[in-house]
$ cat target-v4.csv   # CSV, C-alpha atoms
chain,number,residue,atom,x,y,z
A,1,ALA,CA,-67.8,25.5,49.9
A,2,GLN,CA,-67.4,24.3,46.3
A,3,SER,CA,-68.3,26.8,43.6
A,4,VAL,CA,-68.1,26.7,39.8
A,5,SER,CA,-67.6,29.8,37.7
A,6,GLN,CA,-68.5,30.0,34.0
A,7,HIS,CA,-67.1,33.2,32.6
A,8,ASN,CA,-69.2,33.6,29.5
A,9,HIS,CA,-72.9,34.2,30.0
A,10,HIS,CA,-73.8,34.4,26.3
A,11,VAL,CA,-71.6,33.5,23.4
A,12,ILE,CA,-72.6,34.1,19.8
A,13,LEU,CA,-70.7,32.3,17.0
A,14,SER,CA,-71.1,31.7,13.3
A,15,GLU,CA,-71.3,28.2,12.0
A,16,ALA,CA,-67.9,26.6,11.6
A,17,ALA,CA,-66.3,28.8,14.2
A,18,SER,CA,-64.3,27.3,17.0
A,19,LEU,CA,-65.7,27.2,20.5
A,20,GLU,CA,-64.2,27.4,23.9
A,21,LEU,CA,-66.2,27.8,27.1
A,22,GLY,CA,-64.5,28.5,30.3
A,23,CYS,CA,-65.1,26.7,33.6
A,24,ASN,CA,-63.2,27.1,36.9
A,25,TYR,CA,-64.0,25.5,40.2
A,26,SER,CA,-62.9,26.5,43.7
A,27,TYR,CA,-62.5,23.3,45.5
A,28,GLY,CA,-59.0,22.1,46.1
A,29,GLY,CA,-59.7,18.4,46.8
A,30,THR,CA,-60.2,15.6,44.4
A,31,VAL,CA,-63.1,16.3,42.2
A,32,ASN,CA,-65.0,14.9,39.2
A,33,LEU,CA,-66.0,17.3,36.5
A,34,PHE,CA,-68.9,17.4,34.1
A,35,TRP,CA,-70.3,19.3,31.2
A,36,TYR,CA,-74.0,19.2,30.6
A,37,VAL,CA,-76.0,20.6,27.7
A,38,GLN,CA,-79.6,21.7,27.6
A,39,TYR,CA,-81.1,22.2,24.2
A,40,PRO,CA,-84.1,24.6,23.9
A,41,GLY,CA,-87.1,23.1,25.6
A,42,GLN,CA,-85.3,20.0,26.7
A,43,HIS,CA,-83.8,18.7,29.9
A,44,LEU,CA,-80.2,18.2,30.8
A,45,GLN,CA,-78.0,15.8,28.9
A,46,LEU,CA,-74.5,14.8,29.8
A,47,LEU,CA,-71.9,15.9,27.3
A,48,LEU,CA,-68.8,14.6,28.9
A,49,LYS,CA,-67.1,13.9,32.2
A,50,TYR,CA,-63.7,13.7,33.8
A,51,PHE,CA,-62.9,11.3,36.7
A,52,SER,CA,-59.2,10.5,36.3
A,53,GLY,CA,-56.5,9.7,33.7
A,54,ASP,CA,-56.1,11.5,30.4
A,55,PRO,CA,-57.0,15.2,31.2
A,56,LEU,CA,-58.3,15.6,27.7
A,57,VAL,CA,-61.7,14.0,27.5
A,58,LYS,CA,-63.9,13.5,24.5
A,59,GLY,CA,-67.7,13.6,24.7
A,60,ILE,CA,-70.6,13.3,22.3
A,61,LYS,CA,-71.1,15.4,19.2
A,62,GLY,CA,-67.5,16.3,18.8
A,63,PHE,CA,-67.1,18.1,22.1
A,64,GLU,CA,-64.0,17.8,24.2
A,65,ALA,CA,-62.8,19.3,27.5
A,66,GLU,CA,-59.4,19.7,29.1
A,67,PHE,CA,-58.8,19.4,32.8
A,68,ILE,CA,-55.9,21.6,34.0
A,69,LYS,CA,-55.5,20.8,37.7
A,70,SER,CA,-53.1,23.7,38.3
A,71,LYS,CA,-55.6,26.2,37.0
A,72,PHE,CA,-58.7,24.5,38.5
A,73,SER,CA,-60.1,24.6,35.1
A,74,PHE,CA,-62.2,22.4,32.8
A,75,ASN,CA,-62.8,24.2,29.6
A,76,LEU,CA,-65.1,22.9,26.9
A,77,ARG,CA,-64.1,23.0,23.3
A,78,LYS,CA,-65.3,22.2,19.8
A,79,PRO,CA,-63.3,22.9,16.7
A,80,SER,CA,-66.3,23.7,14.5
A,81,VAL,CA,-69.8,24.5,15.8
A,82,GLN,CA,-73.0,23.8,14.0
A,83,TRP,CA,-76.4,25.6,14.2
A,84,SER,CA,-77.6,22.5,16.1
A,85,ASP,CA,-75.2,23.3,19.0
A,86,THR,CA,-77.3,26.2,20.0
A,87,ALA,CA,-78.0,25.4,23.6
A,88,GLU,CA,-77.1,26.2,27.2
A,89,TYR,CA,-74.0,24.6,28.6
A,90,PHE,CA,-73.4,23.9,32.3
A,91,CYS,CA,-70.2,23.0,34.0
A,92,ALA,CA,-70.6,21.0,37.2
A,93,VAL,CA,-68.3,19.6,39.9
A,94,ILE,CA,-68.7,16.9,42.6
A,95,LEU,CA,-66.3,15.5,45.2
A,96,ASN,CA,-64.7,12.3,44.0
A,97,SER,CA,-66.3,10.5,46.9
A,98,GLY,CA,-69.7,11.5,45.5
A,99,ASN,CA,-71.2,12.0,48.9
A,100,THR,CA,-72.1,15.6,48.3
A,101,PRO,CA,-74.4,17.0,45.7
A,102,LEU,CA,-73.4,18.1,42.2
A,103,VAL,CA,-72.6,21.8,42.1
A,104,PHE,CA,-73.4,23.7,38.9
A,105,GLY,CA,-72.1,26.8,37.3
A,106,LYS,CA,-74.5,29.5,36.1
A,107,GLY,CA,-74.4,28.3,32.6
A,108,THR,CA,-73.3,29.7,29.2
A,109,ARG,CA,-75.9,30.3,26.5
A,110,LEU,CA,-74.5,29.5,23.0
A,111,SER,CA,-76.1,30.9,20.0
A,112,VAL,CA,-74.8,29.7,16.6
A,113,ILE,CA,-75.9,31.7,13.6
A,114,ALA,CA,-75.8,30.7,10.0
B,1,ASN,CA,-86.8,1.4,32.6
B,2,ALA,CA,-88.0,5.0,33.3
B,3,GLY,CA,-85.1,6.3,35.4
B,4,VAL,CA,-86.3,9.5,37.1
B,5,THR,CA,-89.8,10.6,36.5
B,6,GLN,CA,-91.2,14.0,37.6
B,7,THR,CA,-94.9,14.9,37.8
B,8,PRO,CA,-96.4,17.1,36.8
B,9,LYS,CA,-94.5,18.5,33.8
B,10,PHE,CA,-96.2,21.9,33.9
B,11,ARG,CA,-98.3,23.7,36.5
B,12,VAL,CA,-99.6,27.2,37.0
B,13,LEU,CA,-100.4,28.3,40.5
B,14,LYS,CA,-101.9,31.4,42.0
B,15,THR,CA,-99.9,33.2,44.7
B,16,GLY,CA,-100.6,31.6,48.1
B,17,GLN,CA,-101.6,28.2,46.7
B,18,SER,CA,-99.8,25.0,47.7
B,19,MET,CA,-98.7,22.1,45.7
B,20,THR,CA,-96.4,19.1,45.7
B,21,LEU,CA,-94.0,18.0,43.0
B,22,LEU,CA,-93.3,14.3,42.9
B,23,CYS,CA,-90.0,12.7,41.9
B,24,ALA,CA,-89.9,8.9,41.4
B,25,GLN,CA,-86.8,6.8,40.6
B,26,ASP,CA,-86.7,3.1,39.8
B,27,MET,CA,-82.9,2.6,40.0
B,28,ASN,CA,-82.7,2.0,43.7
B,29,HIS,CA,-80.6,5.1,44.2
B,30,GLU,CA,-79.9,6.1,47.7
B,31,TYR,CA,-79.5,9.8,47.1
B,32,MET,CA,-82.1,12.2,45.6
B,33,TYR,CA,-82.0,15.9,45.0
B,34,TRP,CA,-84.2,18.8,44.0
B,35,TYR,CA,-82.8,21.7,42.0
B,36,ARG,CA,-84.3,24.8,40.5
B,37,GLN,CA,-83.2,26.4,37.3
B,38,ASP,CA,-83.5,30.1,36.7
B,39,PRO,CA,-82.2,32.1,33.8
B,40,GLY,CA,-78.6,33.2,34.4
B,41,MET,CA,-78.5,31.3,37.7
B,42,GLY,CA,-77.8,27.8,36.6
B,43,LEU,CA,-79.1,24.9,38.7
B,44,ARG,CA,-79.3,25.6,42.4
B,45,LEU,CA,-79.8,22.9,45.0
B,46,ILE,CA,-83.0,23.3,47.1
B,47,HIS,CA,-83.0,20.1,49.3
B,48,TYR,CA,-81.5,16.7,49.1
B,49,SER,CA,-81.8,13.3,50.7
B,50,VAL,CA,-79.2,10.8,51.5
B,51,GLY,CA,-81.6,8.0,52.3
B,52,GLU,CA,-85.2,7.1,53.2
B,53,GLY,CA,-86.4,9.3,56.0
B,54,THR,CA,-83.6,11.8,55.8
B,55,THR,CA,-83.5,15.2,54.2
B,56,ALA,CA,-81.0,18.2,54.2
B,57,LYS,CA,-81.1,21.8,53.1
B,58,GLY,CA,-79.3,22.9,50.0
B,59,GLU,CA,-78.4,26.4,48.8
B,60,VAL,CA,-81.9,27.8,48.4
B,61,PRO,CA,-84.3,25.9,50.8
B,62,ASP,CA,-86.6,28.8,51.9
B,63,GLY,CA,-90.2,28.4,51.0
B,64,TYR,CA,-89.9,24.6,50.3
B,65,ASN,CA,-90.3,21.5,52.2
B,66,VAL,CA,-89.4,17.9,51.3
B,67,SER,CA,-90.2,14.4,52.4
B,68,ARG,CA,-88.6,11.0,51.6
B,69,LEU,CA,-91.0,8.5,53.1
B,70,LYS,CA,-90.1,5.9,50.5
B,71,LYS,CA,-86.7,5.3,49.0
B,72,GLN,CA,-87.9,5.7,45.5
B,73,ASN,CA,-89.9,8.9,46.0
B,74,PHE,CA,-88.8,12.4,46.9
B,75,LEU,CA,-91.5,15.0,47.3
B,76,LEU,CA,-91.0,18.8,47.0
B,77,GLY,CA,-93.7,20.9,48.6
B,78,LEU,CA,-94.6,24.6,48.3
B,79,GLU,CA,-96.9,25.6,51.1
B,80,SER,CA,-97.7,29.1,49.9
B,81,ALA,CA,-96.4,29.7,46.4
B,82,ALA,CA,-94.8,33.0,45.6
B,83,PRO,CA,-94.0,34.5,42.1
B,84,SER,CA,-90.3,34.2,43.0
B,85,GLN,CA,-90.8,30.4,42.9
B,86,THR,CA,-91.6,30.5,39.2
B,87,SER,CA,-88.9,28.2,37.9
B,88,VAL,CA,-88.1,24.9,36.3
B,89,TYR,CA,-87.6,22.2,38.9
B,90,PHE,CA,-85.3,19.3,38.3
B,91,CYS,CA,-85.1,16.2,40.3
B,92,ALA,CA,-82.1,13.9,40.3
B,93,SER,CA,-80.9,10.7,41.9
B,94,SER,CA,-77.5,9.1,42.4
B,95,VAL,CA,-75.6,6.3,44.0
B,96,PRO,CA,-73.4,7.4,46.9
B,97,GLY,CA,-69.7,7.1,46.6
B,98,THR,CA,-69.6,7.0,42.9
B,99,GLY,CA,-68.4,10.5,42.2
B,100,GLY,CA,-71.4,11.4,40.2
B,101,ARG,CA,-71.2,8.5,37.8
B,102,GLY,CA,-74.8,7.5,38.3
B,103,TYR,CA,-76.3,11.0,38.5
B,104,THR,CA,-79.6,10.9,36.6
B,105,PHE,CA,-81.9,13.8,36.0
B,106,GLY,CA,-85.6,13.9,35.4
B,107,SER,CA,-87.1,15.9,32.6
B,108,GLY,CA,-88.2,18.8,34.7
B,109,THR,CA,-91.3,20.6,36.0
B,110,ARG,CA,-92.1,24.0,34.7
B,111,LEU,CA,-93.9,26.0,37.4
B,112,THR,CA,-95.4,29.4,37.0
B,113,VAL,CA,-96.8,31.3,40.0
B,114,VAL,CA,-99.0,34.2,39.1
$ encode --input "target-v4.csv" --output "structure tokens"
Amino acid sequence: AQSVSQHNHHVILSEAASLELGCNYSYGGTVNLFWYVQYPGQHLQLLLKYFSGDPLVKGIKGFEAEFIKSKFSFNLRKPSVQWSDTAEYFCAVILNSGNTPLVFGKGTRLSVIA
Amino acid sequence: NAGVTQTPKFRVLKTGQSMTLLCAQDMNHEYMYWYRQDPGMGLRLIHYSVGEGTTAKGEVPDGYNVSRLKKQNFLLGLESAAPSQTSVYFCASSVPGTGGRGYTFGSGTRLTVV
């Protein structure tokens, strides 16, 4: 069965620090990958997604992620975080065919302090 | 265009009470899903449906039942609520075969069982 691992449960950064959140998945077939964000008290929002092509994908709010197929990884990055990036971040994977449900990691809580 | 609408948004139940959560989508999506979100656990799939009249179990189906009598609606039922079912419930819908492109989430239902 597919699984998604997010290695960091809680990350605390100062404003302007760089961010990298790890995500690894277990499925060896063709997958599509997503990062979602959930701001405090809000519902899920899509940050970015990878389907094919350039393995470096750019999303909203300055986030980017790199798909490394050989490492089964899809790490999220941002060069300089802001206080407003405080949120929970979820990595998710789905088969390329899209006929099975989206599988989520356990999430990483990011706290950005001034 | 509302997308995916969940009702109610908040609910407090006493142990042993029953209730039904409603998910409605107006995008003519074939697939619908119910997830629960708990701290440190990410989103876990409860049940899903690949079409009107069909349902399937997800990762954590115990204590829940679902029905998909109409394509646009997916109901999640708790027959006898338990404190362990205190959670935030998210509904989602998608188009099959699109690799998650059309995955759309509702805004969630926060359920507390006392």
$ residues_around --input "target-v4.csv" --residues "A:Ala1" --least-positions-apart "6" --cutoff "12 Å" --atoms "all atoms listed in the file" --output "PyMOL selection string"
(chain A and resi 25-29+93-95+100-101+103) or (chain B and resi 58-59)
$ atom_distance --input "target-v4.csv" --atom1 "atom CA of A:Val81" --atom2 "atom CA of A:Ile12"
10.8 Å
$ interface_residues --input "target-v4.csv" --of "chain A" --to "chain B" --cutoff "9 Å" --atoms "only C-alpha atoms" --output "short mmCIF file (atom, residue, chain, number, x, y, z; two decimals) with C-alpha atoms, in the frame of the given file"
data_model
loop_
_atom_site.label_atom_id
_atom_site.label_comp_id
_atom_site.auth_asym_id
_atom_site.auth_seq_id
_atom_site.Cartn_x
_atom_site.Cartn_y
_atom_site.Cartn_z
CA HIS A 9 -72.90 34.20 30.00
CA VAL A 31 -63.10 16.30 42.20
CA ASN A 32 -65.00 14.90 39.20
CA LEU A 33 -66.00 17.30 36.50
CA PHE A 34 -68.90 17.40 34.10
CA GLN A 42 -85.30 20.00 26.70
CA HIS A 43 -83.80 18.70 29.90
CA LEU A 44 -80.20 18.20 30.80
CA GLN A 45 -78.00 15.80 28.90
CA LYS A 49 -67.10 13.90 32.20
CA PHE A 51 -62.90 11.30 36.70
CA PHE A 90 -73.40 23.90 32.30
CA VAL A 93 -68.30 19.60 39.90
CA ILE A 94 -68.70 16.90 42.60
CA LEU A 95 -66.30 15.50 45.20
CA ASN A 96 -64.70 12.30 44.00
CA SER A 97 -66.30 10.50 46.90
CA GLY A 98 -69.70 11.50 45.50
CA ASN A 99 -71.20 12.00 48.90
CA THR A 100 -72.10 15.60 48.30
CA PRO A 101 -74.40 17.00 45.70
CA LEU A 102 -73.40 18.10 42.20
CA VAL A 103 -72.60 21.80 42.10
CA PHE A 104 -73.40 23.70 38.90
CA GLY A 105 -72.10 26.80 37.30
CA LYS A 106 -74.50 29.50 36.10
CA GLY A 107 -74.40 28.30 32.60
CA THR A 108 -73.30 29.70 29.20
CA ARG A 109 -75.90 30.30 26.50
#
$ atom_distance --input "target-v4.csv" --atom1 "atom CA of B:Arg110" --atom2 "atom CA of A:Thr86"
21.0 Å
$ closest_residue --input "target-v4.csv" --among "A:Asn75, A:Lys69, A:Gly59, A:Ser111" --to "A:Leu47" --atoms "all atoms listed in the file"
A:Gly59
$ atom_distance --input "target-v4.csv" --atom1 "atom CA of B:Lys70" --atom2 "atom CA of B:Gln85"
25.7 Å
$ residues_near_point --input "target-v4.csv" --point "(-62.5, 24.7, 33.9)" --cutoff "9 Å" --atoms "all atoms listed in the file" --output "number ranges by chain"
A: 4-6, 21-25, 33, 65-69, 71-76, 91
$ residues_around --input "target-v4.csv" --residues "B:Arg11" --least-positions-apart "3" --cutoff "10 Å" --atoms "only C-alpha atoms" --output "VMD selection string"
chain B and resid 7 to 8 19 21 86 109 to 113
$ residues_around --input "target-v4.csv" --residues "B:Leu69" --least-positions-apart "3" --cutoff "8 Å" --atoms "all atoms listed in the file" --output "PDB file with C-alpha atoms, keeping the file's coordinate frame"
ATOM      1  CA  GLU B  52     -85.200   7.100  53.200  1.00  0.00           C
ATOM      2  CA  GLY B  53     -86.400   9.300  56.000  1.00  0.00           C
ATOM      3  CA  ASN B  73     -89.900   8.900  46.000  1.00  0.00           C
ATOM      4  CA  PHE B  74     -88.800  12.400  46.900  1.00  0.00           C
TER       5      PHE B  74
END
